[in-house]
file protein01.pdb (PDB, N, CA and C atoms)
MODEL        1
ATOM      1  N   MET A  10       0.831  -1.175   0.000
ATOM      2  CA  MET A  10       0.000   0.000   0.000
ATOM      3  C   MET A  10       0.881   1.245   0.000
ATOM      4  N   LYS A  11       0.627   2.126  -0.938
ATOM      5  CA  LYS A  11       1.418   3.356  -1.041
ATOM      6  C   LYS A  11       0.742   4.482  -0.288
ATOM      7  N   TRP A  12       1.572   5.298   0.339
ATOM      8  CA  TRP A  12       1.075   6.473   1.042
ATOM      9  C   TRP A  12       1.043   7.634   0.071
ATOM     10  N   THR A  13      -0.132   8.212  -0.165
ATOM     11  CA  THR A  13      -0.256   9.313  -1.122
ATOM     12  C   THR A  13      -0.707  10.604  -0.473
ATOM     13  N   ALA A  14      -0.978  10.609   0.808
ATOM     14  CA  ALA A  14      -1.347  11.818   1.551
ATOM     15  C   ALA A  14      -2.532  12.552   0.933
ATOM     16  N   GLY A  15      -3.489  11.801   0.424
ATOM     17  CA  GLY A  15      -4.683  12.431  -0.112
ATOM     18  C   GLY A  15      -4.499  13.059  -1.491
ATOM     19  N   LEU A  16      -3.365  12.824  -2.138
ATOM     20  CA  LEU A  16      -3.140  13.375  -3.463
ATOM     21  C   LEU A  16      -3.856  12.529  -4.499
ATOM     22  N   PRO A  17      -4.203  13.102  -5.637
ATOM     23  CA  PRO A  17      -4.892  12.343  -6.678
ATOM     24  C   PRO A  17      -4.070  11.136  -7.121
ATOM     25  N   ARG A  18      -4.737  10.034  -7.334
ATOM     26  CA  ARG A  18      -4.039   8.813  -7.730
ATOM     27  C   ARG A  18      -4.769   8.203  -8.915
ATOM     28  N   TYR A  19      -4.325   8.478 -10.116
ATOM     29  CA  TYR A  19      -4.874   7.887 -11.320
ATOM     30  C   TYR A  19      -3.713   7.596 -12.247
ATOM     31  N   PRO A  20      -3.919   6.806 -13.284
ATOM     32  CA  PRO A  20      -2.790   6.429 -14.153
ATOM     33  C   PRO A  20      -2.108   7.662 -14.747
ATOM     34  N   GLY A  21      -0.797   7.712 -14.598
ATOM     35  CA  GLY A  21      -0.030   8.816 -15.151
ATOM     36  C   GLY A  21       0.397   9.849 -14.132
ATOM     37  N   THR A  22      -0.086   9.733 -12.898
ATOM     38  CA  THR A  22       0.289  10.749 -11.904
ATOM     39  C   THR A  22       1.746  10.630 -11.487
ATOM     40  N   ASP A  23       2.329   9.462 -11.635
ATOM     41  CA  ASP A  23       3.738   9.301 -11.285
ATOM     42  C   ASP A  23       4.618  10.215 -12.131
ATOM     43  N   VAL A  24       4.229  10.428 -13.375
ATOM     44  CA  VAL A  24       4.992  11.329 -14.245
ATOM     45  C   VAL A  24       4.900  12.765 -13.732
ATOM     46  N   TYR A  25       3.721  13.170 -13.295
ATOM     47  CA  TYR A  25       3.566  14.514 -12.740
ATOM     48  C   TYR A  25       4.441  14.702 -11.510
ATOM     49  N   TYR A  26       4.464  13.682 -10.649
ATOM     50  CA  TYR A  26       5.291  13.780  -9.440
ATOM     51  C   TYR A  26       6.772  13.833  -9.793
ATOM     52  N   ALA A  27       7.182  13.075 -10.800
ATOM     53  CA  ALA A  27       8.585  13.113 -11.238
ATOM     54  C   ALA A  27       8.936  14.489 -11.796
ATOM     55  N   VAL A  28       8.028  15.085 -12.534
ATOM     56  CA  VAL A  28       8.259  16.425 -13.088
ATOM     57  C   VAL A  28       8.351  17.450 -11.960
ATOM     58  N   ILE A  29       7.501  17.335 -10.966
ATOM     59  CA  ILE A  29       7.539  18.261  -9.833
ATOM     60  C   ILE A  29       8.874  18.152  -9.100
ATOM     61  N   ILE A  30       9.342  16.936  -8.879
ATOM     62  CA  ILE A  30      10.637  16.740  -8.214
ATOM     63  C   ILE A  30      11.765  17.311  -9.062
ATOM     64  N   ALA A  31      11.714  17.096 -10.382
ATOM     65  CA  ALA A  31      12.751  17.643 -11.268
ATOM     66  C   ALA A  31      12.736  19.170 -11.264
ATOM     67  N   LEU A  32      11.552  19.765 -11.272
ATOM     68  CA  LEU A  32      11.456  21.224 -11.247
ATOM     69  C   LEU A  32      11.992  21.797  -9.943
ATOM     70  N   ILE A  33      11.660  21.163  -8.831
ATOM     71  CA  ILE A  33      12.154  21.653  -7.540
ATOM     72  C   ILE A  33      13.668  21.500  -7.459
ATOM     73  N   THR A  34      14.197  20.422  -8.036
ATOM     74  CA  THR A  34      15.651  20.221  -8.050
ATOM     75  C   THR A  34      16.342  21.305  -8.870
ATOM     76  N   THR A  35      15.824  21.602 -10.048
ATOM     77  CA  THR A  35      16.450  22.639 -10.870
ATOM     78  C   THR A  35      16.288  24.024 -10.242
ATOM     79  N   MET A  36      15.186  24.230  -9.526
ATOM     80  CA  MET A  36      15.027  25.501  -8.812
ATOM     81  C   MET A  36      16.060  25.627  -7.701
ATOM     82  N   GLY A  37      16.359  24.524  -7.042
ATOM     83  CA  GLY A  37      17.403  24.538  -6.018
ATOM     84  C   GLY A  37      18.768  24.831  -6.601
ATOM     85  N   LEU A  38      19.075  24.238  -7.752
ATOM     86  CA  LEU A  38      20.348  24.513  -8.407
ATOM     87  C   LEU A  38      20.436  25.969  -8.868
ATOM     88  N   ALA A  39      19.326  26.502  -9.354
ATOM     89  CA  ALA A  39      19.312  27.912  -9.755
ATOM     90  C   ALA A  39      19.469  28.819  -8.543
ATOM     91  N   LEU A  40      18.929  28.419  -7.402
ATOM     92  CA  LEU A  40      19.105  29.198  -6.181
ATOM     93  C   LEU A  40      20.571  29.228  -5.762
ATOM     94  N   ILE A  41      21.245  28.108  -5.909
ATOM     95  CA  ILE A  41      22.683  28.071  -5.618
ATOM     96  C   ILE A  41      23.430  29.010  -6.556
ATOM     97  N   ARG A  42      23.057  29.010  -7.838
ATOM     98  CA  ARG A  42      23.697  29.917  -8.801
ATOM     99  C   ARG A  42      23.416  31.369  -8.449
ATOM    100  N   ALA A  43      22.213  31.657  -7.987
ATOM    101  CA  ALA A  43      21.868  33.034  -7.617
ATOM    102  C   ALA A  43      22.666  33.495  -6.400
ATOM    103  N   ILE A  44      22.951  32.585  -5.492
ATOM    104  CA  ILE A  44      23.716  32.951  -4.300
ATOM    105  C   ILE A  44      25.195  33.101  -4.617
ATOM    106  N   LEU A  45      25.746  32.178  -5.400
ATOM    107  CA  LEU A  45      27.186  32.167  -5.654
ATOM    108  C   LEU A  45      27.640  33.174  -6.714
ATOM    109  N   GLY A  46      26.780  33.525  -7.634
ATOM    110  CA  GLY A  46      27.172  34.531  -8.631
ATOM    111  C   GLY A  46      27.853  33.914  -9.823
ATOM    112  N   PRO A  47      28.962  34.370 -10.271
ATOM    113  CA  PRO A  47      29.904  35.359  -9.750
ATOM    114  C   PRO A  47      29.577  36.795 -10.156
ATOM    115  N   THR A  48      28.758  36.990 -11.191
ATOM    116  CA  THR A  48      28.444  38.359 -11.595
ATOM    117  C   THR A  48      26.964  38.648 -11.326
ATOM    118  N   VAL A  49      26.622  39.920 -11.410
ATOM    119  CA  VAL A  49      25.232  40.331 -11.211
ATOM    120  C   VAL A  49      24.336  39.713 -12.282
ATOM    121  N   TYR A  50      24.843  39.622 -13.500
ATOM    122  CA  TYR A  50      24.029  39.097 -14.590
ATOM    123  C   TYR A  50      23.755  37.609 -14.412
ATOM    124  N   ASP A  51      24.710  36.874 -13.828
ATOM    125  CA  ASP A  51      24.460  35.469 -13.506
ATOM    126  C   ASP A  51      23.356  35.344 -12.465
ATOM    127  N   ARG A  52      23.368  36.238 -11.504
ATOM    128  CA  ARG A  52      22.345  36.201 -10.454
ATOM    129  C   ARG A  52      20.961  36.544 -11.015
ATOM    130  N   VAL A  53      20.907  37.541 -11.890
ATOM    131  CA  VAL A  53      19.625  37.919 -12.497
ATOM    132  C   VAL A  53      19.105  36.782 -13.371
ATOM    133  N   LEU A  54      19.990  36.139 -14.109
ATOM    134  CA  LEU A  54      19.587  35.010 -14.947
ATOM    135  C   LEU A  54      19.068  33.854 -14.095
ATOM    136  N   ALA A  55      19.719  33.614 -12.960
ATOM    137  CA  ALA A  55      19.265  32.542 -12.070
ATOM    138  C   ALA A  55      17.894  32.864 -11.473
ATOM    139  N   VAL A  56      17.671  34.114 -11.093
ATOM    140  CA  VAL A  56      16.364  34.497 -10.553
ATOM    141  C   VAL A  56      15.293  34.382 -11.640
ATOM    142  N   ASN A  57      15.636  34.738 -12.868
ATOM    143  CA  ASN A  57      14.694  34.576 -13.986
ATOM    144  C   ASN A  57      14.373  33.100 -14.193
ATOM    145  N   MET A  58      15.376  32.253 -14.065
ATOM    146  CA  MET A  58      15.156  30.819 -14.218
ATOM    147  C   MET A  58      14.249  30.284 -13.109
ATOM    148  N   ILE A  59      14.444  30.762 -11.893
ATOM    149  CA  ILE A  59      13.575  30.343 -10.787
ATOM    150  C   ILE A  59      12.131  30.766 -11.064
ATOM    151  N   GLY A  60      11.954  31.979 -11.583
ATOM    152  CA  GLY A  60      10.609  32.438 -11.921
ATOM    153  C   GLY A  60       9.964  31.612 -13.008
ATOM    154  N   THR A  61      10.741  31.244 -14.013
ATOM    155  CA  THR A  61      10.216  30.421 -15.101
ATOM    156  C   THR A  61       9.854  29.030 -14.601
ATOM    157  N   LYS A  62      10.698  28.462 -13.765
ATOM    158  CA  LYS A  62      10.400  27.137 -13.212
ATOM    159  C   LYS A  62       9.178  27.191 -12.289
ATOM    160  N   THR A  63       8.973  28.317 -11.627
ATOM    161  CA  THR A  63       7.780  28.471 -10.788
ATOM    162  C   THR A  63       6.521  28.457 -11.644
ATOM    163  N   VAL A  64       6.578  29.097 -12.798
ATOM    164  CA  VAL A  64       5.435  29.083 -13.718
ATOM    165  C   VAL A  64       5.167  27.651 -14.181
ATOM    166  N   LEU A  65       6.224  26.917 -14.511
ATOM    167  CA  LEU A  65       6.043  25.523 -14.926
ATOM    168  C   LEU A  65       5.484  24.676 -13.784
ATOM    169  N   LEU A  66       5.974  24.918 -12.573
ATOM    170  CA  LEU A  66       5.488  24.175 -11.416
ATOM    171  C   LEU A  66       4.002  24.454 -11.167
ATOM    172  N   LEU A  67       3.601  25.708 -11.265
ATOM    173  CA  LEU A  67       2.181  26.039 -11.118
ATOM    174  C   LEU A  67       1.336  25.361 -12.190
ATOM    175  N   SER A  68       1.861  25.285 -13.403
ATOM    176  CA  SER A  68       1.116  24.641 -14.488
ATOM    177  C   SER A  68       0.958  23.148 -14.254
ATOM    178  N   VAL A  69       2.030  22.496 -13.815
ATOM    179  CA  VAL A  69       1.955  21.057 -13.547
ATOM    180  C   VAL A  69       0.994  20.785 -12.387
ATOM    181  N   ILE A  70       1.068  21.588 -11.346
ATOM    182  CA  ILE A  70       0.137  21.411 -10.220
ATOM    183  C   ILE A  70      -1.300  21.651 -10.680
ATOM    184  N   SER A  71      -1.486  22.598 -11.593
ATOM    185  CA  SER A  71      -2.817  22.866 -12.127
ATOM    186  C   SER A  71      -3.382  21.644 -12.843
ATOM    187  N   PHE A  72      -2.553  20.996 -13.651
ATOM    188  CA  PHE A  72      -3.021  19.798 -14.353
ATOM    189  C   PHE A  72      -3.198  18.621 -13.401
ATOM    190  N   LEU A  73      -2.333  18.521 -12.405
ATOM    191  CA  LEU A  73      -2.399  17.403 -11.471
ATOM    192  C   LEU A  73      -3.681  17.440 -10.647
ATOM    193  N   PHE A  74      -4.060  18.611 -10.165
ATOM    194  CA  PHE A  74      -5.242  18.731  -9.319
ATOM    195  C   PHE A  74      -6.492  19.126 -10.087
ATOM    196  N   GLY A  75      -6.390  19.332 -11.389
ATOM    197  CA  GLY A  75      -7.563  19.691 -12.176
ATOM    198  C   GLY A  75      -8.100  21.068 -11.854
ATOM    199  N   ARG A  76      -7.187  22.017 -11.587
ATOM    200  CA  ARG A  76      -7.577  23.383 -11.231
ATOM    201  C   ARG A  76      -7.095  24.342 -12.322
ATOM    202  N   PRO A  77      -7.902  24.616 -13.335
ATOM    203  CA  PRO A  77      -7.460  25.494 -14.419
ATOM    204  C   PRO A  77      -7.244  26.945 -13.981
ATOM    205  N   ASP A  78      -7.765  27.346 -12.821
ATOM    206  CA  ASP A  78      -7.542  28.713 -12.367
ATOM    207  C   ASP A  78      -6.084  28.946 -11.986
ATOM    208  N   PHE A  79      -5.331  27.893 -11.687
ATOM    209  CA  PHE A  79      -3.906  28.048 -11.418
ATOM    210  C   PHE A  79      -3.148  28.492 -12.667
ATOM    211  N   LEU A  80      -3.673  28.156 -13.845
ATOM    212  CA  LEU A  80      -3.024  28.595 -15.083
ATOM    213  C   LEU A  80      -3.086  30.115 -15.221
ATOM    214  N   ASP A  81      -4.172  30.718 -14.772
ATOM    215  CA  ASP A  81      -4.260  32.176 -14.776
ATOM    216  C   ASP A  81      -3.197  32.782 -13.862
ATOM    217  N   LEU A  82      -3.019  32.174 -12.698
ATOM    218  CA  LEU A  82      -1.975  32.639 -11.785
ATOM    219  C   LEU A  82      -0.591  32.476 -12.403
ATOM    220  N   ALA A  83      -0.381  31.369 -13.099
ATOM    221  CA  ALA A  83       0.913  31.126 -13.729
ATOM    222  C   ALA A  83       1.203  32.170 -14.805
ATOM    223  N   LEU A  84       0.198  32.505 -15.605
ATOM    224  CA  LEU A  84       0.394  33.523 -16.645
ATOM    225  C   LEU A  84       0.666  34.891 -16.039
ATOM    226  N   ALA A  85      -0.059  35.232 -15.000
ATOM    227  CA  ALA A  85       0.179  36.516 -14.334
ATOM    228  C   ALA A  85       1.582  36.559 -13.733
ATOM    229  N   TYR A  86       2.007  35.468 -13.121
ATOM    230  CA  TYR A  86       3.345  35.415 -12.539
ATOM    231  C   TYR A  86       4.415  35.497 -13.626
ATOM    232  N   ALA A  87       4.161  34.888 -14.777
ATOM    233  CA  ALA A  87       5.125  34.962 -15.878
ATOM    234  C   ALA A  87       5.294  36.402 -16.363
ATOM    235  N   LEU A  88       4.200  37.129 -16.471
ATOM    236  CA  LEU A  88       4.291  38.528 -16.897
ATOM    237  C   LEU A  88       5.027  39.376 -15.866
ATOM    238  N   ILE A  89       4.729  39.170 -14.592
ATOM    239  CA  ILE A  89       5.408  39.917 -13.537
ATOM    240  C   ILE A  89       6.894  39.581 -13.524
ATOM    241  N   ASN A  90       7.217  38.311 -13.708
ATOM    242  CA  ASN A  90       8.618  37.878 -13.738
ATOM    243  C   ASN A  90       9.356  38.537 -14.902
ATOM    244  N   PHE A  91       8.751  38.556 -16.071
ATOM    245  CA  PHE A  91       9.393  39.143 -17.251
ATOM    246  C   PHE A  91       9.634  40.640 -17.062
ATOM    247  N   ILE A  92       8.622  41.350 -16.611
ATOM    248  CA  ILE A  92       8.767  42.796 -16.417
ATOM    249  C   ILE A  92       9.769  43.090 -15.304
ATOM    250  N   GLY A  93       9.749  42.291 -14.258
ATOM    251  CA  GLY A  93      10.694  42.484 -13.158
ATOM    252  C   GLY A  93      12.133  42.280 -13.578
ATOM    253  N   VAL A  94      12.391  41.257 -14.375
ATOM    254  CA  VAL A  94      13.764  41.009 -14.849
ATOM    255  C   VAL A  94      14.219  42.137 -15.768
ATOM    256  N   LEU A  95      13.339  42.618 -16.633
ATOM    257  CA  LEU A  95      13.709  43.745 -17.490
ATOM    258  C   LEU A  95      14.025  44.989 -16.666
ATOM    259  N   ALA A  96      13.235  45.229 -15.633
ATOM    260  CA  ALA A  96      13.477  46.399 -14.777
ATOM    261  C   ALA A  96      14.799  46.285 -14.037
ATOM    262  N   VAL A  97      15.098  45.116 -13.508
ATOM    263  CA  VAL A  97      16.358  44.921 -12.788
ATOM    264  C   VAL A  97      17.542  45.063 -13.724
ATOM    265  N   LEU A  98      17.454  44.489 -14.913
ATOM    266  CA  LEU A  98      18.552  44.621 -15.879
ATOM    267  C   LEU A  98      18.739  46.065 -16.315
ATOM    268  N   GLU A  99      17.656  46.794 -16.509
ATOM    269  CA  GLU A  99      17.754  48.208 -16.867
ATOM    270  C   GLU A  99      18.417  48.994 -15.737
ATOM    271  N   PHE A 100      18.054  48.682 -14.499
ATOM    272  CA  PHE A 100      18.649  49.360 -13.354
ATOM    273  C   PHE A 100      20.153  49.130 -13.303
ATOM    274  N   PHE A 101      20.572  47.886 -13.453
ATOM    275  CA  PHE A 101      22.005  47.598 -13.383
ATOM    276  C   PHE A 101      22.761  48.140 -14.587
ATOM    277  N   THR A 102      22.121  48.189 -15.750
ATOM    278  CA  THR A 102      22.766  48.740 -16.937
ATOM    279  C   THR A 102      22.974  50.243 -16.779
ATOM    280  N   VAL A 103      21.963  50.961 -16.310
ATOM    281  CA  VAL A 103      22.084  52.405 -16.115
ATOM    282  C   VAL A 103      23.062  52.702 -14.982
ATOM    283  N   ARG A 104      23.014  51.904 -13.932
ATOM    284  CA  ARG A 104      23.914  52.101 -12.804
ATOM    285  C   ARG A 104      25.366  51.898 -13.217
ATOM    286  N   ALA A 105      25.611  50.975 -14.138
ATOM    287  CA  ALA A 105      26.972  50.719 -14.603
ATOM    288  C   ALA A 105      27.440  51.790 -15.586
ATOM    289  N   GLY A 106      26.562  52.684 -16.010
ATOM    290  CA  GLY A 106      26.938  53.740 -16.938
ATOM    291  C   GLY A 106      26.964  53.297 -18.379
ATOM    292  N   GLU A 107      26.294  52.195 -18.682
ATOM    293  CA  GLU A 107      26.299  51.682 -20.041
ATOM    294  C   GLU A 107      24.938  51.829 -20.710
ATOM    295  N   GLY A 108      24.017  52.470 -20.033
ATOM    296  CA  GLY A 108      22.639  52.523 -20.504
ATOM    297  C   GLY A 108      22.402  53.551 -21.580
ATOM    298  N   PRO A 109      21.188  53.589 -22.104
ATOM    299  CA  PRO A 109      20.825  54.510 -23.173
ATOM    300  C   PRO A 109      20.757  55.963 -22.706
ATOM    301  N   ASP A 110      20.731  56.195 -21.398
ATOM    302  CA  ASP A 110      20.641  57.556 -20.879
ATOM    303  C   ASP A 110      22.014  58.177 -20.631
ATOM    304  N   LYS A 111      23.048  57.533 -21.133
ATOM    305  CA  LYS A 111      24.401  58.032 -20.931
ATOM    306  C   LYS A 111      24.580  59.350 -21.689
ATOM    307  N   VAL A 112      25.132  60.345 -21.014
ATOM    308  CA  VAL A 112      25.325  61.661 -21.604
ATOM    309  C   VAL A 112      26.823  61.929 -21.705
ATOM    310  N   ASP A 113      27.274  62.429 -22.875
ATOM    311  CA  ASP A 113      28.703  62.722 -23.032
ATOM    312  C   ASP A 113      29.020  64.132 -22.523
ATOM    313  N   ASN A 114      30.234  64.598 -22.708
ATOM    314  CA  ASN A 114      30.684  65.871 -22.161
ATOM    315  C   ASN A 114      30.028  67.090 -22.808
ATOM    316  N   ASP A 115      29.476  66.936 -24.014
ATOM    317  CA  ASP A 115      28.832  68.055 -24.696
ATOM    318  C   ASP A 115      27.425  68.327 -24.158
ATOM    319  N   GLY A 116      26.904  67.461 -23.331
ATOM    320  CA  GLY A 116      25.571  67.622 -22.799
ATOM    321  C   GLY A 116      24.506  67.008 -23.681
ATOM    322  N   GLU A 117      24.932  66.328 -24.760
ATOM    323  CA  GLU A 117      23.989  65.686 -25.663
ATOM    324  C   GLU A 117      23.939  64.186 -25.359
ATOM    325  N   ALA A 118      22.797  63.625 -25.634
ATOM    326  CA  ALA A 118      22.658  62.195 -25.416
ATOM    327  C   ALA A 118      23.545  61.449 -26.404
ATOM    328  N   ASP A 119      24.177  60.405 -25.932
ATOM    329  CA  ASP A 119      25.080  59.608 -26.757
ATOM    330  C   ASP A 119      24.275  58.539 -27.484
ATOM    331  N   GLY A 120      23.668  58.903 -28.597
ATOM    332  CA  GLY A 120      22.830  57.963 -29.327
ATOM    333  C   GLY A 120      23.468  57.433 -30.579
ATOM    334  N   SER A 121      24.652  57.902 -30.913
ATOM    335  CA  SER A 121      25.264  57.434 -32.160
ATOM    336  C   SER A 121      26.492  56.623 -31.914
TER     337      SER A 121
ENDMDL
END
call {"tool": "encode", "arguments": {"input": "protein01.pdb", "output": "structure tokens"}}
result
Amino acid sequence: MKWTAGLPRYPGTDVYYAVIIALITTMGLALIRAILGPTVYDRVLAVNMIGTKTVLLLSVISFLFGRPDFLDLALAYALINFIGVLAVLEFFTVRAGEGPDKVDNDGEADGS
């Protein structure tokens, strides 16, 4: 007798559980990359990867439990993740002095 803790048990659920374990494992590895670095861009990429894996995890849980409303949450989280990563990258680019708002000594924008 297998212990399932009240989780759905129908043919094919073992694959869903394997996918969930794989996603959590890759999220853990991405968390290690986000902590260790070595550069800011590696950390931002790792956080983006964690966000993407979270969207996939929400989608798999949605299919596993038969809750299509979780897909709406996953899409909203994906949009927030995308906009957040763009904002963070823009912040670090401007902070490093490499952004589009860089002004040269003449007082004109450096667009060429």
call {"tool": "residues_around", "arguments": {"input": "protein01.pdb", "residues": "range 31-47 of chain A", "least_positions_apart": "3", "cutoff": "7 Å", "atoms": "only N, CA and C atoms", "output": "MDAnalysis selection string"}}
result
chainID A and resid 26:28 50:53 55:56 58:59 62 66
call {"tool": "closest_residue", "arguments": {"input": "protein01.pdb", "among": "A:Gly60, A:Thr22, A:Val69, A:Arg104", "to": "Asn90 in chain A", "atoms": "all atoms listed in the file"}}
result
A:Gly60
call {"tool": "residues_around", "arguments": {"input": "protein01.pdb", "residues": "Val94 in chain A", "least_positions_apart": "5", "cutoff": "7 Å", "atoms": "all atoms listed in the file", "output": "PDB file with N, CA and C atoms, in the frame of the given file"}}
result
ATOM      1  N   VAL A  53      20.907  37.541 -11.890  1.00  0.00           N
ATOM      2  CA  VAL A  53      19.625  37.919 -12.497  1.00  0.00           C
ATOM      3  C   VAL A  53      19.105  36.782 -13.371  1.00  0.00           C
ATOM      4  N   ASN A  57      15.636  34.738 -12.868  1.00  0.00           N
ATOM      5  CA  ASN A  57      14.694  34.576 -13.986  1.00  0.00           C
ATOM      6  C   ASN A  57      14.373  33.100 -14.193  1.00  0.00           C
ATOM      7  N   ILE A  89       4.729  39.170 -14.592  1.00  0.00           N
ATOM      8  CA  ILE A  89       5.408  39.917 -13.537  1.00  0.00           C
ATOM      9  C   ILE A  89       6.894  39.581 -13.524  1.00  0.00           C
ATOM     10  N   GLU A  99      17.656  46.794 -16.509  1.00  0.00           N
ATOM     11  CA  GLU A  99      17.754  48.208 -16.867  1.00  0.00           C
ATOM     12  C   GLU A  99      18.417  48.994 -15.737  1.00  0.00           C
TER      13      GLU A  99
END
call {"tool": "select_by_dssp", "arguments": {"input": "protein01.pdb", "residues": "range 11-110 of chain A", "states": "helix (DSSP H, G or I)", "output": "PyMOL selection string"}}
result
chain A and resi 22-45+49-74+78-104
call {"tool": "resolve_selection", "arguments": {"input": "protein01.pdb", "expression": "the PyMOL selection byres (((chain A and resi 74 and name CA) around 12) and name CA)", "output": "PyMOL selection string"}}
result
chain A and resi 15-19+22+25-26+67-73+75-80
call {"tool": "atom_distance", "arguments": {"input": "protein01.pdb", "atom1": "atom C of Leu84 in chain A", "atom2": "CA of Thr48 in chain A"}}
result
28.3 Å
call {"tool": "atom_distance", "arguments": {"input": "protein01.pdb", "atom1": "CA of Ile92 in chain A", "atom2": "CA of Leu54 in chain A"}}
result
13.4 Å
call {"tool": "atom_distance", "arguments": {"input": "protein01.pdb", "atom1": "CA of Ala96 in chain A", "atom2": "atom C of Val49 in chain A"}}
result
13.0 Å
